[in-house]
>>> print(open('final.txt').read())   # compact mmCIF, C-alpha atoms
# COMPACT_ATOMS: atom_id res chain seq x y z
CA MET A 1 13.86 -4.24 -10.19
CA SER A 2 10.75 -4.42 -12.33
CA GLN A 3 7.85 -6.77 -12.73
CA LYS A 4 6.27 -7.16 -16.11
CA ILE A 5 3.10 -8.80 -17.40
CA GLU A 6 2.42 -9.00 -21.14
CA ILE A 7 -1.19 -9.85 -21.94
CA THR A 8 -2.78 -10.59 -25.28
CA ILE A 9 -6.55 -10.31 -25.39
CA LYS A 10 -7.41 -12.52 -28.35
CA ARG A 11 -10.08 -11.82 -30.90
CA ASP A 12 -12.69 -13.95 -29.09
CA GLY A 13 -11.92 -12.50 -25.66
CA SER A 14 -9.68 -15.32 -24.49
CA LEU A 15 -6.34 -14.37 -22.95
CA GLU A 16 -2.67 -15.28 -22.99
CA TYR A 17 -0.06 -13.74 -20.78
CA THR A 18 3.55 -14.03 -19.76
CA VAL A 19 4.80 -12.71 -16.47
CA GLN A 20 8.35 -11.98 -15.36
CA CYS A 21 8.97 -11.55 -11.70
CA VAL A 22 10.90 -13.10 -8.87
CA LYS A 23 9.88 -16.22 -7.09
CA TRP A 24 10.10 -15.04 -3.52
CA ARG A 25 7.81 -12.09 -4.24
CA GLY A 26 4.84 -14.28 -5.11
CA CYS A 27 4.81 -14.50 -8.89
CA LYS A 28 1.49 -16.34 -8.97
CA GLU A 29 -0.15 -13.75 -6.76
CA LEU A 30 0.65 -11.03 -9.30
CA THR A 31 -1.61 -12.60 -11.89
CA SER A 32 -4.27 -14.21 -9.72
CA PHE A 33 -6.72 -11.46 -10.69
CA ILE A 34 -6.31 -12.28 -14.40
CA ASP A 35 -6.57 -16.02 -13.71
CA LYS A 36 -9.93 -15.46 -12.04
CA LEU A 37 -11.43 -13.79 -15.12
CA SER A 38 -12.12 -17.25 -16.52
CA LYS A 39 -10.77 -20.80 -16.57
CA VAL A 40 -7.01 -21.34 -16.88
CA VAL A 41 -6.48 -23.84 -19.72
CA GLU A 42 -2.68 -23.96 -19.75
CA THR A 43 0.18 -22.65 -17.69
CA LYS A 44 3.89 -23.39 -17.97
CA THR A 45 7.22 -21.92 -17.05
CA THR A 46 9.08 -20.22 -19.90
CA PRO A 47 12.71 -20.79 -21.00
CA GLU A 48 13.78 -17.74 -19.00
CA TYR A 49 12.62 -19.41 -15.83
CA TYR A 50 15.90 -21.04 -14.88
CA GLN A 51 18.11 -18.23 -16.19
CA VAL A 52 16.24 -15.51 -14.31
CA GLU A 53 16.13 -17.65 -11.23
CA THR A 54 19.88 -18.18 -11.37
CA ASN A 55 20.58 -14.49 -11.85
CA ASN A 56 18.32 -13.59 -8.98
CA GLU A 57 19.93 -16.15 -6.75
CA ARG A 58 23.32 -14.63 -7.63
CA GLU A 59 22.08 -11.15 -6.73
CA ARG A 60 20.92 -12.38 -3.38
CA ASN A 61 24.30 -13.95 -2.53
CA MET B 1 10.75 -16.62 -12.52
CA SER B 2 8.60 -16.44 -15.59
CA HIS B 3 5.53 -18.25 -16.77
CA PHE B 4 3.05 -18.35 -19.60
CA THR B 5 -0.69 -18.89 -19.15
CA LYS B 6 -3.70 -19.30 -21.43
CA ILE B 7 -7.17 -18.47 -20.18
CA ASP B 8 -10.60 -19.13 -21.69
CA GLN B 9 -12.84 -16.31 -22.87
CA ALA B 10 -12.95 -13.79 -20.04
CA ASN B 11 -16.05 -13.18 -17.97
CA ILE B 12 -17.35 -9.66 -17.46
CA VAL B 13 -16.81 -8.74 -13.81
CA SER B 14 -16.94 -4.94 -13.85
CA ILE B 15 -19.78 -2.63 -14.87
CA ASN B 16 -17.38 0.34 -14.86
CA ALA B 17 -15.06 -1.43 -17.31
CA PHE B 18 -17.98 -2.22 -19.60
CA VAL B 19 -19.11 1.41 -19.58
CA ALA B 20 -15.53 2.59 -20.20
CA ALA B 21 -15.34 0.21 -23.17
CA CYS B 22 -18.60 1.60 -24.59
CA ILE B 23 -17.23 5.13 -24.29
CA GLU B 24 -13.89 4.21 -25.89
CA LEU B 25 -15.63 2.45 -28.78
CA GLY B 26 -17.85 5.49 -29.32
CA LEU B 27 -21.20 3.89 -28.46
CA ILE B 28 -21.83 6.63 -25.90
CA THR B 29 -20.05 9.89 -25.21
CA SER B 30 -20.64 10.24 -21.49
CA LEU B 31 -21.95 8.51 -18.41
CA THR B 32 -25.20 10.48 -18.54
CA SER B 33 -26.75 8.11 -21.08
CA VAL B 34 -25.97 5.01 -18.99
CA ARG B 35 -29.02 3.63 -17.18
CA LYS B 36 -28.80 1.42 -14.13
CA SER B 37 -31.24 -1.14 -12.68
CA ILE B 38 -33.76 -1.03 -15.50
CA MET B 39 -36.04 -3.42 -17.39
CA ILE B 40 -35.00 -4.33 -20.93
CA LYS B 41 -36.32 -6.52 -23.77
CA ASP B 42 -34.21 -9.11 -25.55
CA TYR B 43 -34.50 -10.28 -29.17
CA TYR B 44 -37.47 -12.53 -28.33
CA GLY B 45 -39.34 -9.72 -26.58
CA HIS B 46 -38.68 -11.20 -23.12
CA THR B 47 -38.50 -8.56 -20.43
CA MET B 48 -35.72 -8.84 -17.85
CA SER B 49 -34.06 -6.80 -15.19
CA ALA B 50 -30.64 -5.44 -16.17
CA ASP B 51 -27.94 -4.04 -13.93
CA VAL B 52 -26.85 -1.48 -16.52
CA ALA B 53 -27.83 -0.59 -20.07
CA VAL B 54 -26.16 1.47 -22.75
CA PRO B 55 -28.44 2.84 -25.49
CA VAL B 56 -27.56 2.22 -29.14
CA GLY B 57 -30.20 4.03 -31.17
CA LYS B 58 -33.52 2.29 -30.48
CA TYR B 59 -31.80 -0.64 -28.77
CA ASP B 60 -29.83 -1.35 -25.61
CA ILE B 61 -26.76 -3.36 -24.74
CA ALA B 62 -27.15 -4.47 -21.15
CA LEU B 63 -25.39 -6.41 -18.43
CA VAL B 64 -27.35 -8.91 -16.37
CA LYS B 65 -25.79 -10.60 -13.36
CA ASN B 66 -25.68 -14.40 -13.62
CA SER B 67 -25.56 -17.14 -10.99
CA GLN B 68 -21.73 -17.13 -11.01
CA GLY B 69 -21.67 -13.49 -9.93
CA THR B 70 -20.33 -12.26 -13.28
CA TYR B 71 -22.32 -10.48 -15.99
CA ASP B 72 -23.93 -11.68 -19.21
CA MET B 73 -24.03 -9.17 -22.05
CA ILE B 74 -27.58 -9.06 -23.42
CA ALA B 75 -28.92 -7.28 -26.51
CA ASP B 76 -30.94 -7.70 -29.61
CA TRP B 77 -27.66 -7.91 -31.54
CA TRP B 78 -29.26 -7.88 -34.95
CA GLY B 79 -31.17 -4.74 -33.97
CA VAL B 80 -28.05 -3.09 -32.59
CA ARG B 81 -26.20 -3.77 -35.85
CA THR B 82 -28.95 -2.02 -37.84
CA GLN B 83 -28.27 1.21 -35.96
CA LYS B 84 -25.73 3.86 -36.91
CA LEU B 85 -22.58 2.52 -35.29
CA PRO B 86 -19.32 4.33 -34.55
CA ASP B 87 -16.32 3.75 -36.83
CA LYS B 88 -14.67 1.08 -34.67
CA LEU B 89 -17.80 -1.08 -34.76
CA ARG B 90 -18.79 -0.54 -38.37
CA ALA B 91 -16.52 -3.38 -39.52
CA CYS B 92 -18.40 -5.92 -37.39
CA ARG B 93 -19.87 -8.44 -39.81
CA SER B 94 -21.76 -10.56 -37.31
CA ASP B 95 -23.31 -10.55 -33.86
CA ASP B 96 -20.26 -12.45 -32.62
CA ASP B 97 -17.92 -9.77 -34.00
CA LEU B 98 -19.79 -7.11 -32.08
CA GLN B 99 -19.90 -9.10 -28.85
CA HIS B 100 -16.22 -10.00 -29.11
CA ILE B 101 -15.01 -6.43 -29.59
CA LEU B 102 -17.09 -5.28 -26.62
CA LEU B 103 -15.68 -8.13 -24.56
CA ARG B 104 -12.08 -7.37 -25.59
CA TYR B 105 -12.33 -3.72 -24.62
CA THR B 106 -14.22 -4.50 -21.40
CA THR B 107 -11.52 -7.00 -20.43
CA LYS B 108 -8.80 -4.48 -21.23
CA HIS B 109 -10.39 -1.86 -18.96
CA THR B 110 -11.02 -4.45 -16.24
CA ILE B 111 -7.34 -5.43 -16.17
CA ILE B 112 -5.89 -1.93 -16.51
CA ASP B 113 -8.18 -0.42 -13.84
CA ARG B 114 -7.17 -3.13 -11.40
CA TYR B 115 -3.42 -3.00 -11.98
CA ARG B 116 -3.13 0.80 -12.20
CA ALA B 117 -4.74 0.98 -8.77
CA GLN B 118 -1.81 -1.13 -7.54
CA GLY B 119 0.85 1.13 -9.04
CA TRP B 120 1.40 -0.59 -12.39
CA GLN B 121 1.96 1.36 -15.60
CA ALA B 122 0.03 0.20 -18.66
CA LYS B 123 0.61 0.42 -22.40
CA VAL B 124 -1.86 -0.90 -24.97
CA LYS B 125 -1.43 -1.72 -28.66
CA GLU B 126 -4.05 -3.02 -31.06
CA GLU B 127 -2.91 -5.53 -33.70
CA ASN B 128 -5.15 -7.54 -36.01
CA ASP B 129 -8.19 -7.58 -33.73
CA GLU B 130 -6.04 -8.39 -30.69
CA LEU B 131 -5.23 -6.09 -27.80
CA LYS B 132 -1.71 -6.25 -26.38
CA VAL B 133 -1.50 -4.94 -22.84
CA GLU B 134 1.91 -4.43 -21.22
CA LEU B 135 1.96 -3.86 -17.48
CA ILE B 136 5.14 -2.81 -15.67
CA ARG B 137 5.76 -2.05 -12.04
CA TYR B 138 9.09 -0.84 -10.64
CA ARG B 139 9.89 -1.85 -7.07
>>> encode(input="final.txt", output="structure tokens")
Amino acid sequence: MSQKIEITIKRDGSLEYTVQCVKWRGCKELTSFIDKLSKVVETKTTPEYYQVETNNERERN
Amino acid sequence: MSHFTKIDQANIVSINAFVAACIELGLITSLTSVRKSIMIKDYYGHTMSADVAVPVGKYDIALVKNSQGTYDMIADWWGVRTQKLPDKLRACRSDDDLQHILLRYTTKHTIIDRYRAQGWQAKVKEENDELKVELIRYR
């Protein structure tokens, strides 16, 4: 199982990232360091959210 | 679970990452030229105490701790741009360009240093003045 964070450091030093992980391992905690580098202006779940969640649930059962 | 986040312009939180960025960009070749806890002059001739300063010809680029506990990057930017700059900085057309590239590389080193220490692997690509950092950890 892998965890992956893809970060884009934009031209002006602002940031965007996507993170793929599993809910019960503390997804938000993985990126809390990046979030603290400045002010978070937007955060949302991605389309993979439900699919990955479902797959993970299946693996657990 | 997956999510996407946007964050405002990053603050500088690590002197080591700033110095690593200066080395990678070719402003300095080693740590020996880095000076810590010194007095510097800004564009207006004001003297101030800096936590660290990197020499660029006759000028310095310095970090000064602010009230939020992060660092402000201080320099006579016009003066710095009149000096002989390394290749990666020669394309900077303005003070903002120069500050932004230093900030991008400092942020990259800040993030990579932190995550590598926790067992993550990092890959970096540069595309159109943006840095793409991919972090992976296998559990």
>>> interface_residues(input="final.txt", of="chain B", to="chain A", cutoff="8 Å", atoms="all atoms listed in the file", output="PyMOL selection string")
chain B and resi 1-13+100-101+103-104+107-108+111+129-139
>>> atom_distance(input="final.txt", atom1="atom CA of Lys65 of chain B", atom2="atom CA of Asp51 of chain B")
6.9 Å
>>> residues_around(input="final.txt", residues="Ala21 of chain B", least_positions_apart="3", cutoff="12 Å", atoms="only C-alpha atoms", output="MDAnalysis selection string")
chainID B and resid 12 14:18 24:31 54 88:89 99:110 112:113
>>> atom_distance(input="final.txt", atom1="atom CA of Met48 of chain B", atom2="atom CA of Lys84 of chain B")
25.0 Å
>>> axis_aligned_box(input="final.txt", around="segment 64-78 of chain B", padding_each_side="3 Å", output="lines of an AutoDock Vina configuration file")
center_x = -25.6
center_y = -12.2
center_z = -22.4
size_x = 16.6
size_y = 15.9
size_z = 31.0
>>> atom_distance(input="final.txt", atom1="atom CA of Asp95 of chain B", atom2="atom CA of Val34 of chain B")
21.7 Å
>>> residues_around(input="final.txt", residues="Asp60 of chain B", least_positions_apart="4", cutoff="8 Å", atoms="all atoms listed in the file", output="short mmCIF file (atom, residue, chain, number, x, y, z; two decimals) with C-alpha atoms, keeping the file's coordinate frame")
data_model
loop_
_atom_site.label_atom_id
_atom_site.label_comp_id
_atom_site.auth_asym_id
_atom_site.auth_seq_id
_atom_site.Cartn_x
_atom_site.Cartn_y
_atom_site.Cartn_z
CA ILE B 40 -35.00 -4.33 -20.93
CA ALA B 53 -27.83 -0.59 -20.07
CA VAL B 54 -26.16 1.47 -22.75
CA PRO B 55 -28.44 2.84 -25.49
CA VAL B 56 -27.56 2.22 -29.14
CA ALA B 75 -28.92 -7.28 -26.51
CA ASP B 76 -30.94 -7.70 -29.61
CA VAL B 80 -28.05 -3.09 -32.59
#
